[in-house]
$ cat entry_38.tsv   # TSV, C-alpha atoms
chain	number	residue	atom	x	y	z
E	1	MET	CA	32.28	44.18	-6.16
E	2	LYS	CA	31.73	41.74	-3.28
E	3	ILE	CA	28.42	43.41	-2.43
E	4	MET	CA	27.41	43.22	-6.09
E	5	ILE	CA	28.06	39.43	-6.18
E	6	PHE	CA	25.97	38.96	-3.04
E	7	GLN	CA	23.21	41.05	-4.59
E	8	ILE	CA	23.23	38.87	-7.71
E	9	ILE	CA	23.15	35.65	-5.63
E	10	HIS	CA	20.34	37.12	-3.53
E	11	TRP	CA	18.21	37.87	-6.61
E	12	ILE	CA	18.94	34.54	-8.31
E	13	PHE	CA	17.84	32.69	-5.16
E	14	ARG	CA	14.79	34.88	-4.63
E	15	ILE	CA	13.54	34.62	-8.21
E	16	GLY	CA	14.43	30.92	-8.43
E	17	LEU	CA	12.64	30.05	-5.21
E	18	ALA	CA	9.64	32.20	-6.11
E	19	GLY	CA	9.50	30.53	-9.54
E	20	ILE	CA	9.54	27.08	-7.94
E	21	PHE	CA	6.72	27.95	-5.51
E	22	LEU	CA	4.72	29.60	-8.27
E	23	TYR	CA	5.05	26.57	-10.53
E	24	THR	CA	4.34	23.95	-7.85
E	25	GLY	CA	1.38	25.98	-6.56
E	26	TYR	CA	0.05	26.34	-10.09
E	27	ILE	CA	0.18	22.63	-10.96
E	28	LYS	CA	-1.65	21.82	-7.73
E	29	LEU	CA	-4.31	24.43	-8.49
E	30	GLU	CA	-4.72	23.00	-11.99
E	31	SER	CA	-5.25	19.45	-10.67
E	32	PRO	CA	-6.80	19.67	-7.18
E	33	LEU	CA	-8.18	16.13	-7.42
E	34	GLN	CA	-4.79	14.65	-8.33
E	35	PHE	CA	-3.18	16.65	-5.53
E	36	ALA	CA	-5.78	15.25	-3.10
E	37	ALA	CA	-4.99	11.73	-4.40
E	38	VAL	CA	-1.26	12.37	-3.83
E	39	LEU	CA	-1.91	13.58	-0.26
E	40	TYR	CA	-4.05	10.48	0.34
E	41	GLY	CA	-1.26	8.32	-1.10
E	42	TYR	CA	1.18	9.42	1.64
E	43	LYS	CA	-1.09	7.60	4.14
E	44	LEU	CA	-0.06	10.20	6.69
E	45	PHE	CA	-2.99	12.60	6.99
E	46	PRO	CA	-6.55	11.94	8.17
E	47	THR	CA	-9.05	11.95	5.27
E	48	ASP	CA	-10.90	14.94	6.76
E	49	LEU	CA	-7.72	17.01	6.60
E	50	ILE	CA	-6.91	16.17	2.97
E	51	LEU	CA	-9.78	18.20	1.51
E	52	PRO	CA	-8.84	21.56	3.14
E	53	MET	CA	-5.15	20.86	2.50
E	54	SER	CA	-5.70	20.22	-1.20
E	55	LYS	CA	-7.82	23.38	-1.46
E	56	TYR	CA	-5.67	25.89	0.41
E	57	PHE	CA	-2.12	24.62	0.27
E	58	PRO	CA	-1.46	25.70	-3.37
E	59	TRP	CA	-2.49	29.24	-2.42
E	60	VAL	CA	0.05	29.20	0.42
E	61	GLU	CA	2.76	28.34	-2.11
E	62	ILE	CA	1.63	31.08	-4.51
E	63	ALA	CA	1.41	33.63	-1.68
E	64	LEU	CA	4.96	32.70	-0.60
E	65	ALA	CA	6.17	33.15	-4.19
E	66	ILE	CA	4.61	36.60	-4.47
E	67	LEU	CA	5.93	37.66	-1.06
E	68	LEU	CA	9.42	36.46	-2.02
E	69	LEU	CA	9.29	38.60	-5.15
E	70	ILE	CA	7.91	41.67	-3.38
E	71	GLY	CA	10.40	41.29	-0.55
E	72	TRP	CA	7.89	42.22	2.16
E	73	LYS	CA	8.85	40.92	5.63
E	74	MET	CA	11.64	38.96	3.93
E	75	ARG	CA	12.90	37.46	7.17
E	76	TYR	CA	9.60	35.79	8.03
E	77	VAL	CA	8.84	34.80	4.44
E	78	ALA	CA	12.25	33.15	3.99
E	79	LEU	CA	11.85	31.33	7.31
E	80	ALA	CA	8.36	30.19	6.27
E	81	ALA	CA	9.79	28.92	2.96
E	82	CYS	CA	12.46	26.97	4.89
E	83	GLY	CA	9.81	25.48	7.17
E	84	LEU	CA	7.65	24.47	4.23
E	85	ILE	CA	10.49	22.80	2.32
E	86	MET	CA	11.66	21.00	5.45
E	87	ALA	CA	8.12	19.74	6.04
E	88	PHE	CA	8.03	18.47	2.42
E	89	ILE	CA	11.34	16.65	2.88
E	90	ALA	CA	10.14	15.09	6.14
E	91	ILE	CA	6.87	13.89	4.53
E	92	LEU	CA	8.69	12.40	1.54
E	93	ALA	CA	11.30	10.71	3.75
E	94	ILE	CA	8.69	9.26	6.12
E	95	THR	CA	6.64	7.93	3.17
E	96	TYR	CA	9.72	6.46	1.49
E	97	PHE	CA	11.07	4.76	4.62
E	98	ARG	CA	7.63	3.33	5.43
E	99	GLY	CA	7.91	1.54	2.08
E	100	ILE	CA	4.83	3.23	0.63
E	101	GLU	CA	4.89	3.59	-3.14
E	102	ALA	CA	3.50	7.05	-3.60
E	103	ASN	CA	3.76	9.94	-5.99
E	104	CYS	CA	5.98	12.80	-4.93
E	105	GLY	CA	3.59	15.49	-6.18
E	106	CYS	CA	6.47	17.97	-6.28
E	107	PHE	CA	7.02	19.18	-9.84
E	108	SER	CA	4.65	16.82	-11.60
E	109	PHE	CA	2.24	14.12	-10.51
E	110	GLY	CA	4.11	11.34	-12.28
E	111	ASP	CA	7.18	11.38	-10.00
E	112	ARG	CA	7.54	8.43	-7.63
E	113	ILE	CA	9.23	9.13	-4.28
E	114	THR	CA	12.86	8.02	-4.48
E	115	PRO	CA	15.99	9.06	-2.57
E	116	LEU	CA	16.69	11.32	-5.56
E	117	THR	CA	13.45	13.30	-5.12
E	118	ILE	CA	14.32	13.76	-1.43
E	119	VAL	CA	17.83	15.00	-2.32
E	120	ARG	CA	16.34	17.33	-4.96
E	121	ASP	CA	14.07	18.90	-2.35
E	122	GLY	CA	17.11	19.17	-0.07
E	123	LEU	CA	18.85	21.23	-2.75
E	124	ILE	CA	15.84	23.55	-2.97
E	125	LEU	CA	16.19	24.12	0.76
E	126	LEU	CA	19.65	25.70	0.27
E	127	PRO	CA	18.53	28.99	-1.33
E	128	ALA	CA	15.74	29.29	1.23
E	129	LEU	CA	18.25	28.81	4.05
E	130	TYR	CA	20.59	31.37	2.46
E	131	LEU	CA	17.81	33.96	2.19
E	132	ALA	CA	16.64	33.31	5.75
E	133	ALA	CA	20.19	33.55	7.16
E	134	GLU	CA	20.90	36.68	5.15
E	135	SER	CA	17.73	38.45	6.27
E	136	VAL	CA	18.23	37.47	9.92
E	137	LEU	CA	21.84	38.74	9.81
E	138	ARG	CA	20.75	41.96	8.10
E	139	SER	CA	18.06	42.67	10.67
E	140	ARG	CA	20.59	42.06	13.47
E	141	GLN	CA	23.00	44.45	11.78
E	142	ILE	CA	20.32	47.13	11.54
E	143	ARG	CA	19.39	46.61	15.18
E	144	GLY	CA	23.08	46.84	16.15
E	145	GLN	CA	23.53	50.08	14.21
E	146	SER	CA	20.42	51.68	15.72
E	147	ALA	CA	21.66	50.77	19.23
E	148	PHE	CA	24.69	53.04	18.68
B	1	MET	CA	15.33	47.14	-6.90
B	2	LYS	CA	11.86	47.31	-5.38
B	3	SER	CA	10.29	48.36	-8.65
B	4	ILE	CA	12.03	45.44	-10.42
B	5	SER	CA	10.56	42.98	-7.94
B	6	ARG	CA	7.07	44.48	-8.34
B	7	VAL	CA	7.21	44.28	-12.13
B	8	LEU	CA	8.47	40.69	-11.92
B	9	CYS	CA	5.78	39.78	-9.47
B	10	LEU	CA	2.98	41.29	-11.55
B	11	THR	CA	4.25	39.62	-14.73
B	12	LEU	CA	4.40	36.20	-13.08
B	13	PHE	CA	1.01	36.61	-11.46
B	14	ALA	CA	-0.56	37.60	-14.79
B	15	LEU	CA	1.07	34.53	-16.33
B	16	VAL	CA	-0.43	32.26	-13.68
B	17	VAL	CA	-3.89	33.76	-14.13
B	18	ALA	CA	-3.65	33.47	-17.93
B	19	VAL	CA	-2.55	29.85	-17.82
B	20	ALA	CA	-5.14	28.96	-15.17
B	21	ALA	CA	-7.90	30.44	-17.31
B	22	ARG	CA	-6.83	28.29	-20.26
B	23	ALA	CA	-9.51	25.81	-21.18
B	24	SER	CA	-8.55	22.29	-22.09
B	25	GLY	CA	-9.97	18.81	-22.18
B	26	GLN	CA	-11.93	17.88	-25.24
B	27	MET	CA	-14.60	15.31	-24.50
B	28	ALA	CA	-15.17	12.64	-27.10
B	29	ASN	CA	-18.79	11.99	-28.04
B	30	LEU	CA	-20.34	9.07	-26.22
B	31	LYS	CA	-23.24	6.75	-26.88
B	32	PRO	CA	-25.74	6.31	-23.99
B	33	GLU	CA	-24.74	2.66	-23.56
B	34	GLN	CA	-21.14	3.69	-22.86
B	35	CYS	CA	-22.13	5.28	-19.53
B	36	LEU	CA	-22.11	2.92	-16.57
B	37	GLY	CA	-24.32	5.51	-14.88
B	38	GLY	CA	-25.83	8.79	-16.03
B	39	LYS	CA	-26.16	9.93	-19.64
B	40	PRO	CA	-23.67	11.40	-22.12
B	41	ASP	CA	-25.19	14.91	-21.76
B	42	ALA	CA	-24.38	15.09	-18.01
B	43	PRO	CA	-22.39	18.23	-17.08
B	44	ILE	CA	-19.56	16.14	-15.61
B	45	ARG	CA	-17.95	13.09	-17.12
B	46	VAL	CA	-15.66	10.67	-15.30
B	47	GLU	CA	-13.75	8.14	-17.39
B	48	VAL	CA	-12.00	5.41	-15.42
B	49	PHE	CA	-9.32	3.05	-16.75
B	50	SER	CA	-9.53	0.05	-14.49
B	51	ASP	CA	-8.28	-3.51	-14.09
B	52	PHE	CA	-10.42	-6.08	-12.26
B	53	GLU	CA	-7.54	-7.69	-10.37
B	54	CYS	CA	-6.02	-4.43	-9.12
B	55	PRO	CA	-6.77	-3.81	-5.39
B	56	ALA	CA	-6.75	-0.01	-5.76
B	57	CYS	CA	-9.31	-0.33	-8.59
B	58	ARG	CA	-11.47	-2.40	-6.25
B	59	ALA	CA	-11.23	0.30	-3.56
B	60	LEU	CA	-11.96	3.05	-6.08
B	61	TYR	CA	-15.09	1.30	-7.31
B	62	LEU	CA	-16.47	0.09	-3.99
B	63	ASP	CA	-15.59	3.09	-1.83
B	64	THR	CA	-15.89	5.96	-4.30
B	65	MET	CA	-17.53	5.23	-7.65
B	66	ARG	CA	-20.42	3.25	-6.17
B	67	ASP	CA	-21.42	6.39	-4.24
B	68	VAL	CA	-20.91	8.51	-7.37
B	69	LEU	CA	-23.31	6.19	-9.20
B	70	LYS	CA	-25.89	6.49	-6.42
B	71	ASP	CA	-25.61	10.21	-5.66
B	72	TYR	CA	-24.72	11.79	-8.99
B	73	CYS	CA	-25.37	9.40	-11.87
B	74	THR	CA	-29.01	8.65	-11.03
B	75	SER	CA	-29.74	12.38	-11.21
B	76	ASN	CA	-27.66	12.65	-14.42
B	77	LYS	CA	-25.17	15.10	-12.91
B	78	VAL	CA	-22.32	12.75	-13.77
B	79	CYS	CA	-21.78	10.31	-16.59
B	80	LEU	CA	-19.48	7.56	-15.33
B	81	VAL	CA	-17.58	5.60	-17.98
B	82	TYR	CA	-15.58	2.49	-17.18
B	83	HIS	CA	-12.87	1.53	-19.66
B	84	GLU	CA	-11.26	-1.89	-19.55
B	85	PHE	CA	-7.53	-1.74	-18.99
B	86	PRO	CA	-6.47	-5.32	-18.09
B	87	LEU	CA	-2.83	-5.37	-17.04
B	88	GLN	CA	-0.40	-7.93	-18.48
B	89	GLY	CA	0.59	-9.48	-15.15
B	90	HIS	CA	-2.99	-10.20	-14.07
B	91	LYS	CA	-3.96	-13.68	-15.20
B	92	HIS	CA	-7.76	-13.47	-15.20
B	93	SER	CA	-8.32	-9.74	-15.70
B	94	ARG	CA	-8.89	-9.99	-19.41
B	95	GLN	CA	-11.48	-12.72	-18.93
B	96	ALA	CA	-13.37	-10.58	-16.40
B	97	ALA	CA	-13.14	-7.68	-18.85
B	98	ARG	CA	-14.74	-9.83	-21.57
B	99	TYR	CA	-17.66	-10.68	-19.28
B	100	THR	CA	-18.29	-7.07	-18.31
B	101	LYS	CA	-18.01	-5.92	-21.93
B	102	ALA	CA	-20.71	-8.46	-22.81
B	103	ALA	CA	-22.82	-7.31	-19.84
B	104	GLN	CA	-22.47	-3.73	-21.08
B	105	LYS	CA	-24.22	-4.84	-24.28
B	106	MET	CA	-27.15	-6.16	-22.24
B	107	ASN	CA	-28.03	-3.13	-20.08
B	108	GLN	CA	-26.64	-0.67	-17.53
B	109	LYS	CA	-28.00	-2.65	-14.56
B	110	ALA	CA	-26.39	-5.94	-15.63
B	111	TRP	CA	-23.10	-4.14	-16.29
B	112	GLN	CA	-23.12	-2.52	-12.81
B	113	THR	CA	-24.08	-5.81	-11.16
B	114	LEU	CA	-21.23	-7.69	-12.77
B	115	ILE	CA	-18.59	-5.03	-12.07
B	116	GLU	CA	-19.67	-4.97	-8.43
B	117	ALA	CA	-19.63	-8.78	-8.19
B	118	PHE	CA	-16.12	-8.97	-9.67
B	119	PHE	CA	-14.76	-6.36	-7.30
B	120	LEU	CA	-16.50	-7.79	-4.23
B	121	ASN	CA	-15.15	-11.28	-4.96
B	122	GLN	CA	-11.79	-10.15	-6.37
B	123	GLU	CA	-9.69	-12.24	-4.01
B	124	LYS	CA	-11.53	-15.48	-4.86
B	125	TRP	CA	-11.68	-15.43	-8.66
B	126	SER	CA	-8.26	-13.82	-9.12
B	127	ALA	CA	-6.84	-16.82	-7.22
B	128	ASP	CA	-8.88	-19.65	-8.78
B	129	GLY	CA	-10.09	-18.09	-12.04
B	130	SER	CA	-13.78	-18.65	-11.23
B	131	VAL	CA	-14.95	-15.69	-13.33
B	132	ASP	CA	-17.77	-17.71	-14.84
B	133	ASP	CA	-19.16	-18.80	-11.45
B	134	ILE	CA	-19.19	-15.23	-10.18
B	135	ALA	CA	-21.06	-14.08	-13.30
B	136	PHE	CA	-23.66	-16.85	-12.93
B	137	LYS	CA	-24.28	-16.07	-9.25
B	138	ALA	CA	-24.46	-12.33	-9.83
B	139	LEU	CA	-26.73	-12.30	-12.88
B	140	GLY	CA	-28.97	-15.31	-12.42
B	141	ALA	CA	-29.64	-18.04	-14.99
B	142	ASP	CA	-31.58	-16.05	-17.63
B	143	GLN	CA	-29.18	-13.15	-17.89
B	144	TYR	CA	-26.18	-15.45	-17.60
B	145	PHE	CA	-27.19	-17.49	-20.67
B	146	ASN	CA	-27.85	-14.29	-22.56
B	147	LEU	CA	-24.38	-13.11	-21.56
B	148	LYS	CA	-22.78	-16.34	-22.75
B	149	LYS	CA	-24.30	-15.81	-26.20
B	150	LEU	CA	-22.97	-12.25	-26.32
B	151	LEU	CA	-19.50	-13.49	-25.31
B	152	LEU	CA	-19.23	-15.31	-28.63
B	153	ASP	CA	-19.17	-11.97	-30.45
B	154	PRO	CA	-15.57	-11.36	-31.66
B	155	ALA	CA	-16.23	-7.60	-31.42
B	156	ILE	CA	-15.74	-7.86	-27.65
B	157	GLU	CA	-11.99	-8.53	-28.04
B	158	THR	CA	-11.69	-5.65	-30.50
B	159	GLU	CA	-13.50	-3.30	-28.11
B	160	ILE	CA	-11.22	-4.22	-25.21
B	161	ASP	CA	-8.15	-3.72	-27.42
B	162	ALA	CA	-9.50	-0.34	-28.50
B	163	GLU	CA	-9.99	0.74	-24.88
B	164	VAL	CA	-6.47	-0.36	-23.96
B	165	ALA	CA	-5.10	1.52	-26.96
B	166	MET	CA	-7.10	4.59	-25.94
B	167	GLY	CA	-5.62	4.41	-22.43
B	168	GLN	CA	-2.11	4.07	-23.83
B	169	LYS	CA	-2.72	7.07	-26.06
B	170	LEU	CA	-3.83	9.04	-22.99
B	171	ASP	CA	-0.62	7.96	-21.22
B	172	VAL	CA	-2.32	5.69	-18.68
B	173	GLN	CA	0.61	3.97	-16.97
B	174	SER	CA	-1.08	2.39	-13.98
B	175	THR	CA	-4.54	1.56	-12.72
B	176	PRO	CA	-6.75	3.07	-11.60
B	177	THR	CA	-6.33	6.22	-13.63
B	178	PHE	CA	-9.32	8.42	-14.25
B	179	TYR	CA	-10.16	11.59	-16.08
B	180	VAL	CA	-12.69	14.12	-14.87
B	181	TYR	CA	-14.13	16.38	-17.54
B	182	ALA	CA	-16.10	19.40	-16.36
B	183	LEU	CA	-16.44	23.04	-17.39
B	184	ASN	CA	-14.30	22.40	-20.49
B	185	LYS	CA	-11.38	21.29	-18.33
B	186	GLU	CA	-9.77	17.92	-17.90
B	187	GLN	CA	-8.19	16.54	-14.76
B	188	LYS	CA	-6.17	13.36	-14.71
B	189	VAL	CA	-6.10	11.46	-11.42
B	190	VAL	CA	-3.80	8.51	-10.84
B	191	GLY	CA	-4.67	6.25	-7.93
B	192	PHE	CA	-7.38	6.06	-5.34
B	193	LEU	CA	-9.37	9.12	-4.33
B	194	PRO	CA	-11.83	9.13	-1.41
B	195	TYR	CA	-15.46	9.90	-2.28
B	196	LEU	CA	-15.42	13.02	-0.07
B	197	MET	CA	-12.97	14.77	-2.43
B	198	LEU	CA	-14.94	13.99	-5.56
B	199	LYS	CA	-18.19	15.00	-3.87
B	200	ASP	CA	-16.75	18.38	-2.89
B	201	PHE	CA	-15.51	18.91	-6.45
B	202	PHE	CA	-18.82	17.87	-8.03
B	203	ASP	CA	-20.88	20.02	-5.64
B	204	ARG	CA	-19.01	23.10	-6.71
B	205	ILE	CA	-20.12	22.43	-10.30
B	206	VAL	CA	-23.56	20.87	-9.87
B	207	LYS	CA	-25.40	21.64	-6.65
$ encode --input "entry_38.tsv" --output "structure tokens"
Amino acid sequence: MKIMIFQIIHWIFRIGLAGIFLYTGYIKLESPLQFAAVLYGYKLFPTDLILPMSKYFPWVEIALAILLLIGWKMRYVALAACGLIMAFIAILAITYFRGIEANCGCFSFGDRITPLTIVRDGLILLPALYLAAESVLRSRQIRGQSAF
Amino acid sequence: MKSISRVLCLTLFALVVAVAARASGQMANLKPEQCLGGKPDAPIRVEVFSDFECPACRALYLDTMRDVLKDYCTSNKVCLVYHEFPLQGHKHSRQAARYTKAAQKMNQKAWQTLIEAFFLNQEKWSADGSVDDIAFKALGADQYFNLKKLLLDPAIETEIDAEVAMGQKLDVQSTPTFYVYALNKEQKVVGFLPYLMLKDFFDRIVK
């Protein structure tokens, strides 16, 4: 029963996180110019870097979503998802505390960066952390079993 | 479990591809005089909602759209449309909009000259309201007096109101906001965008 509950939580988090990455990647692919404008609005990246970022970053999100669903190299994918979300949170926090009025560019391009958007991204980090911790623990368990 | 994840993955991927392939963005028909640069039959259309007192609109025009006019509109790859969207809090914006609307009725060159003059001298006239002086200096006596006659036309107010209403209908909430129409798709961009990004996008459509 306990294992079943963990399985359900695992799948909810995996599908949820994959859905989020798929959606956010898709909206960026649909509006590459607006995404570039959002990246420019953070006033954090050099202009030369914004163009490749706006082109390739949505594909990174979509690739992560697909890998989360497939479950291939789960440990690394979950850790990459954690890293990505943490980077997002850091960028939003830096922009907010510098007093720059910019769009979040998270789920839509109309969202202004507020403490609430930062907290919301913090909540998205939780399932990614769970999946990363779970896969790291599982791989340790497997290694421990094979040592005997 | 693995087969479930594969089916889910394939379904979602197919959904993304289907939605991405969806065409949108209906372009309204334009008259040649509505283009600040280029012609209505250009493969790409950029429609900007702009306010003359807004600093980001100044940056967008001087750092981005001026190069678009030079590099893409002269060869009719892009039709650039400027819509007046004077914001309530800006004291002299509407007056500047009236002048440029009148200049639009004269010719493309006079319209471009006046827009550029207003943006270049934004700090001065937005502080002291010297819209008229800027227009005189930018256009020269002959064109200025012609412009003054055109300013008497009450249609100018109606046209500005219509452009504001159009922006509101398109959910323009701040300036600058612009729409890029190309390959039957529409992209809304809010805020400033460096020329480099637009150039890369245009070059993928029209080499």
$ closest_residue --input "entry_38.tsv" --among "B:Phe119, B:Gly89, B:Arg66, B:Leu60" --to "chain E" --atoms "only C-alpha atoms"
B:Leu60
$ closest_atom_pairs --input "entry_38.tsv" --of "chain E" --to "chain B" --cutoff "8 Å" --atoms "all atoms listed in the file" --output "JSON lines"
{"residue": "E:Leu22", "atom": "CA", "partner": "B:Val16", "partner_atom": "CA", "distance": 7.9}
{"residue": "E:Tyr26", "atom": "CA", "partner": "B:Val16", "partner_atom": "CA", "distance": 6.9}
{"residue": "E:Glu30", "atom": "CA", "partner": "B:Ala20", "partner_atom": "CA", "distance": 6.8}
{"residue": "E:Ser31", "atom": "CA", "partner": "B:Gln187", "partner_atom": "CA", "distance": 5.8}
{"residue": "E:Leu33", "atom": "CA", "partner": "B:Val189", "partner_atom": "CA", "distance": 6.5}
{"residue": "E:Gln34", "atom": "CA", "partner": "B:Val189", "partner_atom": "CA", "distance": 4.6}
{"residue": "E:Ala36", "atom": "CA", "partner": "B:Leu193", "partner_atom": "CA", "distance": 7.2}
{"residue": "E:Ala37", "atom": "CA", "partner": "B:Leu193", "partner_atom": "CA", "distance": 5.1}
{"residue": "E:Tyr40", "atom": "CA", "partner": "B:Leu193", "partner_atom": "CA", "distance": 7.2}
{"residue": "E:Gly41", "atom": "CA", "partner": "B:Phe192", "partner_atom": "CA", "distance": 7.8}
{"residue": "E:Thr47", "atom": "CA", "partner": "B:Pro194", "partner_atom": "CA", "distance": 7.8}
{"residue": "E:Leu51", "atom": "CA", "partner": "B:Met197", "partner_atom": "CA", "distance": 6.1}
{"residue": "E:Ile66", "atom": "CA", "partner": "B:Cys9", "partner_atom": "CA", "distance": 6.0}
{"residue": "E:Leu69", "atom": "CA", "partner": "B:Ser5", "partner_atom": "CA", "distance": 5.3}
{"residue": "E:Ile70", "atom": "CA", "partner": "B:Ser5", "partner_atom": "CA", "distance": 5.4}
{"residue": "E:Gly71", "atom": "CA", "partner": "B:Ser5", "partner_atom": "CA", "distance": 7.6}
$ residues_around --input "entry_38.tsv" --residues "Asp67 (chain B)" --least-positions-apart "3" --cutoff "12 Å" --atoms "only C-alpha atoms" --output "VMD selection string"
chain B and resid 37 59 to 64 70 to 74 78 80 194 to 196 198 to 199
$ write_last_selection --input "entry_38.tsv" --atoms "C-alpha atoms" --output "compact mmCIF listing (two decimals), in the coordinates of the input"
# COMPACT_ATOMS: atom_id res chain seq x y z
CA GLY B 37 -24.32 5.51 -14.88
CA ALA B 59 -11.23 0.30 -3.56
CA LEU B 60 -11.96 3.05 -6.08
CA TYR B 61 -15.09 1.30 -7.31
CA LEU B 62 -16.47 0.09 -3.99
CA ASP B 63 -15.59 3.09 -1.83
CA THR B 64 -15.89 5.96 -4.30
CA LYS B 70 -25.89 6.49 -6.42
CA ASP B 71 -25.61 10.21 -5.66
CA TYR B 72 -24.72 11.79 -8.99
CA CYS B 73 -25.37 9.40 -11.87
CA THR B 74 -29.01 8.65 -11.03
CA VAL B 78 -22.32 12.75 -13.77
CA LEU B 80 -19.48 7.56 -15.33
CA PRO B 194 -11.83 9.13 -1.41
CA TYR B 195 -15.46 9.90 -2.28
CA LEU B 196 -15.42 13.02 -0.07
CA LEU B 198 -14.94 13.99 -5.56
CA LYS B 199 -18.19 15.00 -3.87
$ atom_distance --input "entry_38.tsv" --atom1 "CA of Phe21 (chain E)" --atom2 "CA of Gly105 (chain E)"
12.9 Å
$ closest_residue --input "entry_38.tsv" --among "B:Leu30, B:Leu87, B:Ala155, B:Leu170" --to "Cys57 (chain B)" --atoms "all atoms listed in the file"
B:Leu87
$ residues_around --input "entry_38.tsv" --residues "Asn107 (chain B)" --least-positions-apart "2" --cutoff "12 Å" --atoms "only C-alpha atoms" --output "JSON, numbers by chain"
{"B": [32, 33, 34, 35, 36, 37, 100, 101, 102, 103, 104, 105, 109, 110, 111, 112, 113, 114, 139, 143, 146, 147]}
$ residues_around --input "entry_38.tsv" --residues "Ala96 (chain B)" --least-positions-apart "6" --cutoff "12 Å" --atoms "all atoms listed in the file" --output "PyMOL selection string"
chain B and resi 50-53+84-87+90+102-103+111+114-119+121-122+125-126+129-135+151+156-157+160
$ residues_around --input "entry_38.tsv" --residues "region 74-84 of chain E" --least-positions-apart "3" --cutoff "9 Å" --atoms "all atoms listed in the file" --output "list in words"
Leu17, Glu61, Leu64, Leu67, Leu68, Ile70, Gly71, Ala87, Phe88, Ile89, Leu125, Leu126, Pro127, Ala128, Leu129, Tyr130, Leu131, Ala132, Ala133, Glu134, Ser135, Val136 and Ser139 of chain E
$ atom_distance --input "entry_38.tsv" --atom1 "CA of Cys104 (chain E)" --atom2 "CA of Leu116 (chain E)"
10.8 Å
$ atom_distance --input "entry_38.tsv" --atom1 "CA of Asn103 (chain E)" --atom2 "CA of Lys43 (chain E)"
11.5 Å
$ residues_around --input "entry_38.tsv" --residues "Tyr42 (chain E)" --least-positions-apart "2" --cutoff "7 Å" --atoms "all atoms listed in the file" --output "PyMOL selection string"
chain E and resi 38-40+44+95+102
$ write_last_selection --input "entry_38.tsv" --atoms "C-alpha atoms" --output "tab-separated table (two decimals), keeping the file's coordinate frame"
chain	number	residue	atom	x	y	z
E	38	VAL	CA	-1.26	12.37	-3.83
E	39	LEU	CA	-1.91	13.58	-0.26
E	40	TYR	CA	-4.05	10.48	0.34
E	44	LEU	CA	-0.06	10.20	6.69
E	95	THR	CA	6.64	7.93	3.17
E	102	ALA	CA	3.50	7.05	-3.60
$ axis_aligned_box --input "entry_38.tsv" --around "region 66-79 of chain E" --padding-each-side "5 Å" --output "AutoDock Vina command-line options"
--center_x 8.8 --center_y 36.8 --center_z 1.4 --size_x 18.3 --size_y 20.9 --size_z 23.2
